[in-house]
Amino acid sequence: MKRSVIIAVVILLAVSATAQQYEINIKLNNNDIENLRTALLSDNEGLRKSGVYFSGLYKVEELAGELIKILDSDNKENIRIAAAYSLYQMNIDESINVIRKASTENTNSRVRRICNALYSHFVSVHTLL
């Protein structure tokens with residue numbers, strides 16, 4: 001039993017050590033950014049959530065303000081959580097500070113818990129560097 005656990009741990013470490021993190025480097029033009037902004041402001045829940053997702057995936061810092069508003073006041077919990085994750089992906093001071101603040105002050109307990117986890121992960125990763 002011990003031997004199989006040790007082998008499993010070694011395999012997991014080997015796989016994680018060789019895994020590469022791929023960075024998406026896509027340059028968006030002004031029209032693309034405006035289309036994402038329109039999606040973020042849409043009444044259509046699916047379009048709004050997709051806009052939130054792609055804003056974080058492409059790290060569109062110009063849309064951080066809209067994502068902050070969504071995190072603070074969107075009616076849908078899952079979209080607020082997606083906004084927190086997108087802000088986390090941007091990895092800029094303003095977005096991390098907003099996540100830290102939301103981890104204690106957001107009105108939704110699940111959003112607070114997710115923001116707390118994101119901020120804790122950020123702190124743990126950046127204290128190791």
# chains A, B, ... in the order shown; residues from 1 in each chain; ligands from 1

$ residues_around --residues "range 117-120 of chain A" --least-positions-apart "2" --cutoff "12 Å" --atoms "only C-alpha atoms" --output "PyMOL selection string"
chain A and resi 81-89+91+93+95-104+110-115+122-127

$ residues_around --residues "Glu45 in chain A" --least-positions-apart "4" --cutoff "12 Å" --atoms "only C-alpha atoms" --output "list of chain:residue names"
A:Ala39, A:Leu40, A:Leu41, A:Lys49, A:Ser50, A:Gly51, A:Val52, A:Ile70, A:Asp74, A:Asn75, A:Lys76, A:Glu77, A:Asn78, A:Ile79, A:Arg80

$ write_last_selection --atoms "N, CA, C and O atoms" --output "PDB file, in the first residue's frame"
ATOM      1  N   ALA A  39     -20.571  43.287 -24.584  1.00  0.00           N
ATOM      2  CA  ALA A  39     -20.993  42.014 -23.991  1.00  0.00           C
ATOM      3  C   ALA A  39     -21.109  42.139 -22.473  1.00  0.00           C
ATOM      4  O   ALA A  39     -22.055  41.622 -21.870  1.00  0.00           O
ATOM      5  N   LEU A  40     -20.155  42.830 -21.843  1.00  0.00           N
ATOM      6  CA  LEU A  40     -20.187  42.998 -20.387  1.00  0.00           C
ATOM      7  C   LEU A  40     -21.407  43.783 -19.922  1.00  0.00           C
ATOM      8  O   LEU A  40     -21.918  43.567 -18.825  1.00  0.00           O
ATOM      9  N   LEU A  41     -21.870  44.698 -20.760  1.00  0.00           N
ATOM     10  CA  LEU A  41     -23.006  45.553 -20.387  1.00  0.00           C
ATOM     11  C   LEU A  41     -24.340  45.000 -20.856  1.00  0.00           C
ATOM     12  O   LEU A  41     -25.385  45.609 -20.634  1.00  0.00           O
ATOM     13  N   LYS A  49     -21.663  36.689 -19.400  1.00  0.00           N
ATOM     14  CA  LYS A  49     -20.707  35.752 -18.800  1.00  0.00           C
ATOM     15  C   LYS A  49     -19.562  35.453 -19.760  1.00  0.00           C
ATOM     16  O   LYS A  49     -18.400  35.362 -19.345  1.00  0.00           O
ATOM     17  N   SER A  50     -19.856  35.318 -21.047  1.00  0.00           N
ATOM     18  CA  SER A  50     -18.795  35.092 -22.035  1.00  0.00           C
ATOM     19  C   SER A  50     -17.867  36.293 -22.111  1.00  0.00           C
ATOM     20  O   SER A  50     -16.645  36.147 -22.211  1.00  0.00           O
ATOM     21  N   GLY A  51     -18.436  37.486 -22.063  1.00  0.00           N
ATOM     22  CA  GLY A  51     -17.623  38.703 -22.070  1.00  0.00           C
ATOM     23  C   GLY A  51     -16.698  38.764 -20.871  1.00  0.00           C
ATOM     24  O   GLY A  51     -15.528  39.141 -20.980  1.00  0.00           O
ATOM     25  N   VAL A  52     -17.221  38.374 -19.714  1.00  0.00           N
ATOM     26  CA  VAL A  52     -16.409  38.339 -18.496  1.00  0.00           C
ATOM     27  C   VAL A  52     -15.270  37.340 -18.663  1.00  0.00           C
ATOM     28  O   VAL A  52     -14.104  37.637 -18.377  1.00  0.00           O
ATOM     29  N   ILE A  70     -19.196  44.642 -12.175  1.00  0.00           N
ATOM     30  CA  ILE A  70     -19.916  43.362 -12.213  1.00  0.00           C
ATOM     31  C   ILE A  70     -19.697  42.605 -10.911  1.00  0.00           C
ATOM     32  O   ILE A  70     -20.642  42.057 -10.329  1.00  0.00           O
ATOM     33  N   ASP A  74     -23.514  42.701  -9.888  1.00  0.00           N
ATOM     34  CA  ASP A  74     -24.312  41.909 -10.828  1.00  0.00           C
ATOM     35  C   ASP A  74     -25.346  41.082 -10.068  1.00  0.00           C
ATOM     36  O   ASP A  74     -25.113  40.662  -8.930  1.00  0.00           O
ATOM     37  N   ASN A  75     -26.486  40.848 -10.690  1.00  0.00           N
ATOM     38  CA  ASN A  75     -27.568  40.082 -10.054  1.00  0.00           C
ATOM     39  C   ASN A  75     -27.258  38.592  -9.963  1.00  0.00           C
ATOM     40  O   ASN A  75     -27.810  37.904  -9.108  1.00  0.00           O
ATOM     41  N   LYS A  76     -26.407  38.097 -10.830  1.00  0.00           N
ATOM     42  CA  LYS A  76     -26.112  36.665 -10.887  1.00  0.00           C
ATOM     43  C   LYS A  76     -24.802  36.346 -10.168  1.00  0.00           C
ATOM     44  O   LYS A  76     -23.736  36.860 -10.519  1.00  0.00           O
ATOM     45  N   GLU A  77     -24.912  35.459  -9.188  1.00  0.00           N
ATOM     46  CA  GLU A  77     -23.750  35.063  -8.391  1.00  0.00           C
ATOM     47  C   GLU A  77     -22.641  34.468  -9.246  1.00  0.00           C
ATOM     48  O   GLU A  77     -21.462  34.782  -9.065  1.00  0.00           O
ATOM     49  N   ASN A  78     -23.011  33.612 -10.205  1.00  0.00           N
ATOM     50  CA  ASN A  78     -21.985  32.943 -11.011  1.00  0.00           C
ATOM     51  C   ASN A  78     -21.234  33.936 -11.905  1.00  0.00           C
ATOM     52  O   ASN A  78     -20.044  33.760 -12.163  1.00  0.00           O
ATOM     53  N   ILE A  79     -21.885  34.986 -12.325  1.00  0.00           N
ATOM     54  CA  ILE A  79     -21.206  36.004 -13.135  1.00  0.00           C
ATOM     55  C   ILE A  79     -20.289  36.843 -12.249  1.00  0.00           C
ATOM     56  O   ILE A  79     -19.187  37.219 -12.666  1.00  0.00           O
ATOM     57  N   ARG A  80     -20.702  37.102 -11.030  1.00  0.00           N
ATOM     58  CA  ARG A  80     -19.835  37.831 -10.088  1.00  0.00           C
ATOM     59  C   ARG A  80     -18.561  37.026  -9.806  1.00  0.00           C
ATOM     60  O   ARG A  80     -17.458  37.576  -9.753  1.00  0.00           O
TER      61      ARG A  80
END

$ closest_residue --among "A:Asn116, A:Glu94, A:Ser109, A:Ile33" --to "Glu62 in chain A" --atoms "only C-alpha atoms"
A:Ile33

$ residues_around --residues "Lys59 in chain A" --least-positions-apart "2" --cutoff "7 Å" --atoms "only C-alpha atoms" --output "ChimeraX atom specification"
/A:55-57,61,89-90
